[in-house]
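K.L.:
Sending over a structure as C-alpha cells; questions will come in a sec.
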Amino acid sequence: MALDHHATDRSGHGAPLRIGILTSGGDAQGMNAAVRAVVRTAISRGAEVYAIYEGYQGMIDGGDRIRRFGWEDVGSILNKGGTTIGTFRSKEFRERSGRLRAARNLLLLGIDRIVVIGGDGSLSGLDLFRAEWPGLLAELVETGEIAPQIAEAHPTLMIAGLVGSIDNDLVGTDMTIGADSALHRIVDAIDALASTAASHQRSFVVEVMGRHCGYLALMSAIAGGCDYVLIPEHPPADGWEDRMCAELRRGRAAGRRDSIVIVAEGARDRAGNPITSEYVRQVIERELDEDTRVTILGHVQRGGVPSAFDRWASTWLGYTAAEELLAATPDSEANVIGIRGNRMSAIPLVEAVRQTREVAACIERADYEEAMALRGSSFTEMTKIFRELAEPSRVDASDCAKRIAIVHAGGLAPGMNTAARAAVRLGISRGHTMLGVRNGFHGLRDGEIEEMDWGTVEGWTADGGAELGVRRSVPKLDWLYSISRSLEEHRVDALLVIGGWNAYESAHLLYSERERYPSFTIPIVCVPASIDNNLPGSELSIGCDTALNVLVEAIDRLKLSGSATKRAFVVETMGRYCGYLALMSGLAGGAERVYLHEDGVQITDLVRDIAWLRESFAAGRRLFLAVRNENASENYTTDFMARLLREEGGDLFDVRQAVIGHIQQGGSPTPFDRLFATRLTSHAINLLGDELAAGTSKGYYVGLMGSKVGASPIAHMMEHMDKEFRRPLDQWWLALRDVSKAVAGEAH
C-alpha cells in the first residue's frame, strides 16, 4: 500500500508513527539487512524508528536499550553478519510481569508498532504480547504508570514478523533469513573436505545444524555431491547402516576417492533414537575399514558475511514489513512476511508458527510422512533426487534404451557442469543412455558426441566452467544438414540443451526446421543457464546467483578500499540489455544509484544525481556507489559517468570506476545454482522421458515461475520475448526498483 510521505499517528494527534525493531533468538546472516531496510523505509515515509537492543530483554530494560535510529545509524551494516542491535533469549519476557514492563517502556516512547526478526519462539512471544496489549494498558493506567490519554492513543499493538533462522524451518515460506548464507558455509566446508579426503581416500562425516529441520543437511548433501544424508523428517529404515556402507562401497567401486556423509544434528532412526555423527563414523570404520573423520561445523554456520541473496531478499522483507506496518490498522491481522516464489507473502503468524511446531510434533510421534508433507513438495522431490544422484545406478540400459544427448550453448554460466552431471546420472537412473556433445552446436555438427556413464561426471558438481565445452554460435542454415546427419549417425532420440539465449535460439531453429529435416523431429528441452537472467519461462537462470555473489564480494572490497577517503565508485556489471545483475547487486551491495537499460539514462537524471551527491558529500558523506548495467546507455558509458562525476565533484571526492568483467562467469557455482541446476534438469529429463515413452516429439523450455518448476512450448517462445533486447517481456525483479530507491535515499 502506498503511504503519504509523512506517516502520522492515526489517533489524530499529528505525531509521526513510531516503529520499534528488534532481533531475537538465534542470530542469522541477513538480519542487519532487514533492520537497515525497516529503518530506512520507515524514515523515507516520515515515520520514526527505534532500535531495541538485546531483543525482548531490551524492551523490558528500557532506557538506552531503546534508541531512536537515524538514516546513517544503519549506513554500514548491510554486509555484516550477526545482528548489530544484539539478540537475547529473554526469560523475563515469558512472564506477564516482564511483558508489562515492556509495554510501559514502549508506550512512554509512543511506540505501538513492532517488527520482530526471529524464530518461531520469538514470533509466538510477539503474538502473545499483541493479544495481551489491551489488558496490559488497562493495568498500567490503573497503577498510574501511564496516563489514560496515552492508552487511548495506542489501543492496539500492531506487529509484523520476519523469520531469522538458518534452519529454514518456517512452514509457509520458501526461504528464511540466514539459510542461504549458512548453506554457503556448509558447502564451502564440504568442497574443502572433499579435496583432502580424495587425497587420502578418506571418509568424512559432517554434522550440520538442524534439530527438527533437515533442510541444511539435505541441500548441502545435494550441492556438495555427497554420498549419504541423514535428516530428522525422513529417518532411514531399520538396517540403514548396512545400506549406507553398501552405497559407500559402490561409490568407491565407481571411482570415488572420497566419501562424505552428512548428518543433521537432529537425525534419528525409525525408533526415535538419535543418530550421532560419532556413531556413523564408528559404523564406517568398522564395516569398511576406512580412515574416517568427523567434522562438526557448529556455529560457523551462523557466522560470516551474508550471501547476496540474504542481503537483497532480507532488504525486500524489511521494506515490505515496514510498508505493511505503517499501513496497519487495529483490525489488521498479525502476519509473518515471507518469500514465496520470488514474491513477498503475508502469512498469518499464528498459523505459520502452529504448522512449524507441528513438524517437530510429527517427528516426536514418528509420523514422518506428515512431517515430510508439511515441509512441502519441493523438499520431498529433492529427497528423491538425492537418492538417485548418490546411488550408482543399477539400471542396465537395454539395447532399446533411448539416447539423450546433452549440448551446451551460449555464454558460460557457473552451474553448467552441475546440470550436466545431474542429467547424466538422473538419465541413467531413469533408464536412458546419455550422450555428451562437445563444443556446443559446432560439436553437434561435427559429430563430437560420446556416451557418458556414471563415473564420467564424477566431481562435476562443484566445478565451474563447462567440461563439455560451450560455444556461442547459433547454427547457420548450411549447418543443418550436417547436424541432421550427426543426429542420425549417433542415433540421438532426444536433445537436452543447456545454455543461454543462443542455446534457446538454436533449439528453436531446429524445432522450426522439422519439415525439411525429419531427424529434428525429436523431443527437445531447453534448461536456462545464463548469468544475464534474460531467458523466457523462468524467473531465474542457472549461474545468475553465482555472478551476483561475485559482484557483491567485489563491491564489498571496493567500498573497503575507499573507506579511508571520500570516494565515489561507478561499477559496471554484465547483463547485456537485462538489468537483473545491476539492480540486485546494487540492492545487495548498498548502492545509492542503479542505472538500467530498462529505465534508460537521461541527462536530467545525471544532473539531479550530481546535485544530490554534492550536497551529500558537503554534509559529511564519505562514500557513494553507483552500479550501471553494461548497456544502460549507449552514450552515457561507465567512463563518461566517472569523468562527469570527477569534473563536477571537484575537490569534494575522488572518483573510481570498476568494470567487473568476466570474473562474473567464473568460479565454483553457489549452492543455489547447484540446487537449481539439479532441480531444473530433473524436470527436463522427466519431460524428455515422457515424450519418448509416448512416442511424441514436442519441444519445451523449463523454468521456475513462482514456486513451481514448469515447462512452456518452444513453438511459442518468441511471443514472450523482447527480441530486440533479448529479454523477457515480463521481468519480476523490476518491482524491486522501489525497494532500492527507498533504502538508498532517493526518497529520503
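As shown in the C-alpha cells, the chain order sets the letters A, B, ...; within each chain, residues go from 1, and ligands are also counted from 1 in the order they appear.
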Find the spatial neighbours of stretch 133-147 of chain A, counting only C-alpha atoms, within a cut-off of 9 Å - ignore same-chain residues fewer than 4 positions away - and output them as number ranges by chain.
P.N.:
A: 96, 99-100, 103-104, 107-108, 128-129, 151-152, 154-157
K.L.:
Find the spatial neighbours of A:Val206, counting only C-alpha atoms, within a cut-off of 8 Å - ignore same-chain residues fewer than 5 positions away - and output them as a ChimeraX atom specification.
P.N.:
/A:260-263,277,294-297
K.L.:
If you keep N, CA, C and O atoms, can you produce a file of those selected residues as a PDB file, in the first residue's frame?
P.N.:
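Once written, result_23.pdb looks like this:
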ATOM      1  N   ILE A 260      31.651 -38.819   1.689  1.00  0.00           N
ATOM      2  CA  ILE A 260      31.185 -37.825   2.649  1.00  0.00           C
ATOM      3  C   ILE A 260      29.728 -38.115   2.996  1.00  0.00           C
ATOM      4  O   ILE A 260      28.879 -38.240   2.116  1.00  0.00           O
ATOM      5  N   VAL A 261      29.486 -38.231   4.293  1.00  0.00           N
ATOM      6  CA  VAL A 261      28.142 -38.450   4.815  1.00  0.00           C
ATOM      7  C   VAL A 261      27.742 -37.215   5.614  1.00  0.00           C
ATOM      8  O   VAL A 261      28.512 -36.729   6.449  1.00  0.00           O
ATOM      9  N   ILE A 262      26.545 -36.698   5.362  1.00  0.00           N
ATOM     10  CA  ILE A 262      26.036 -35.526   6.068  1.00  0.00           C
ATOM     11  C   ILE A 262      25.012 -35.972   7.104  1.00  0.00           C
ATOM     12  O   ILE A 262      24.089 -36.746   6.789  1.00  0.00           O
ATOM     13  N   VAL A 263      25.162 -35.474   8.322  1.00  0.00           N
ATOM     14  CA  VAL A 263      24.252 -35.825   9.411  1.00  0.00           C
ATOM     15  C   VAL A 263      23.674 -34.541  10.011  1.00  0.00           C
ATOM     16  O   VAL A 263      24.427 -33.684  10.482  1.00  0.00           O
ATOM     17  N   SER A 277      26.895 -38.214  14.753  1.00  0.00           N
ATOM     18  CA  SER A 277      27.981 -38.265  13.773  1.00  0.00           C
ATOM     19  C   SER A 277      29.067 -39.236  14.220  1.00  0.00           C
ATOM     20  O   SER A 277      29.678 -39.924  13.385  1.00  0.00           O
ATOM     21  N   VAL A 294      35.374 -37.068  11.711  1.00  0.00           N
ATOM     22  CA  VAL A 294      34.148 -36.309  11.959  1.00  0.00           C
ATOM     23  C   VAL A 294      34.472 -34.823  11.958  1.00  0.00           C
ATOM     24  O   VAL A 294      35.454 -34.383  12.561  1.00  0.00           O
ATOM     25  N   THR A 295      33.649 -34.052  11.274  1.00  0.00           N
ATOM     26  CA  THR A 295      33.743 -32.592  11.318  1.00  0.00           C
ATOM     27  C   THR A 295      32.384 -32.048  11.742  1.00  0.00           C
ATOM     28  O   THR A 295      31.383 -32.259  11.042  1.00  0.00           O
ATOM     29  N   ILE A 296      32.346 -31.383  12.895  1.00  0.00           N
ATOM     30  CA  ILE A 296      31.119 -30.746  13.384  1.00  0.00           C
ATOM     31  C   ILE A 296      31.249 -29.255  13.111  1.00  0.00           C
ATOM     32  O   ILE A 296      32.066 -28.571  13.727  1.00  0.00           O
ATOM     33  N   LEU A 297      30.453 -28.762  12.187  1.00  0.00           N
ATOM     34  CA  LEU A 297      30.630 -27.377  11.742  1.00  0.00           C
ATOM     35  C   LEU A 297      30.174 -26.358  12.785  1.00  0.00           C
ATOM     36  O   LEU A 297      30.729 -25.264  12.869  1.00  0.00           O
TER      37      LEU A 297
END
K.L.:
Which of these residues is nearest to A:Pro392, using only C-alpha atoms: A:Asp227, A:Asp269, A:Asp446, A:Glu515?
P.N.:
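Between A:Asp227, A:Asp269, A:Asp446, A:Glu515, the residue approaching A:Pro392 most closely is A:Asp227.
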K.L.:
Using only C-alpha atoms for the distances, tell me which of A:Gly119, A:Gly427, A:Gly70, A:Gly25 is nearest to A:Gly86.
P.N.:
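Among the listed residues, the smallest separation from A:Gly86 belongs to A:Gly25.
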K.L.:
State, in Å with one decimal place, the distance from atom CA of A:Glu553 to atom CA of A:Ala197.
P.N.:
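Here the two named atoms are 28.5 Å from each other.
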K.L.:
Got a sec: who's within 10 Å of A:Ser165, counting only C-alpha atoms, leaving out chain neighbours fewer than 6 positions off, as a ChimeraX atom specification?
P.N.:
/A:25-31,117-120,175-179,182,302
K.L.:
Go ahead and compute the interatomic distance for atom CA of A:Leu17 and atom CA of A:Ala346, in Å to one decimal.
P.N.:
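We find that atom CA of A:Leu17 and atom CA of A:Ala346 lie 21.4 Å from each other.
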K.L.:
Write out as JSON, numbers by chain all residues of stretch 469-705 of chain A that backbone DSSP assigns to strand (DSSP E).
P.N.:
{"A": [494, 495, 496, 497, 498, 499, 524, 525, 526, 527, 528, 567, 568, 569, 570, 571, 572, 573, 593, 594, 595, 623, 624, 625, 626, 627, 628, 629, 654, 655, 656, 657, 658, 659, 699, 700, 701, 702, 703, 704, 705]}
K.L.:
Please determine, counting only C-alpha atoms, which residue among A:Val280, A:Ile406, A:Ala401, A:Ile542 has the shortest atom-to-atom distance to A:Gly464.
P.N.:
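Among A:Val280, A:Ile406, A:Ala401, A:Ile542, it is A:Ile542 that comes nearest to A:Gly464.
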K.L.:
Near stretch 57-67 of chain A, within 9 Å and counting only C-alpha atoms, which residues show up once chain neighbours fewer than 6 positions away are dropped, as JSON, numbers by chain?
P.N.:
{"A": [20, 22, 49, 50, 51, 87, 88, 89, 90, 91, 92, 93, 98, 99, 100, 101, 102, 103, 104, 105, 106]}
K.L.:
Separation of atom CA of A:Leu435 and atom CA of A:Val527, in Å?
P.N.:
16.3 Å
K.L.:
Could you pull out all residues of stretch 56-255 of chain A with a DSSP call of helix (DSSP H, G or I) and give them as number ranges by chain?
P.N.:
A: 56-61, 63-65, 71-74, 92-94, 96-108, 120-142, 148-153, 179-200, 215-223, 240-253
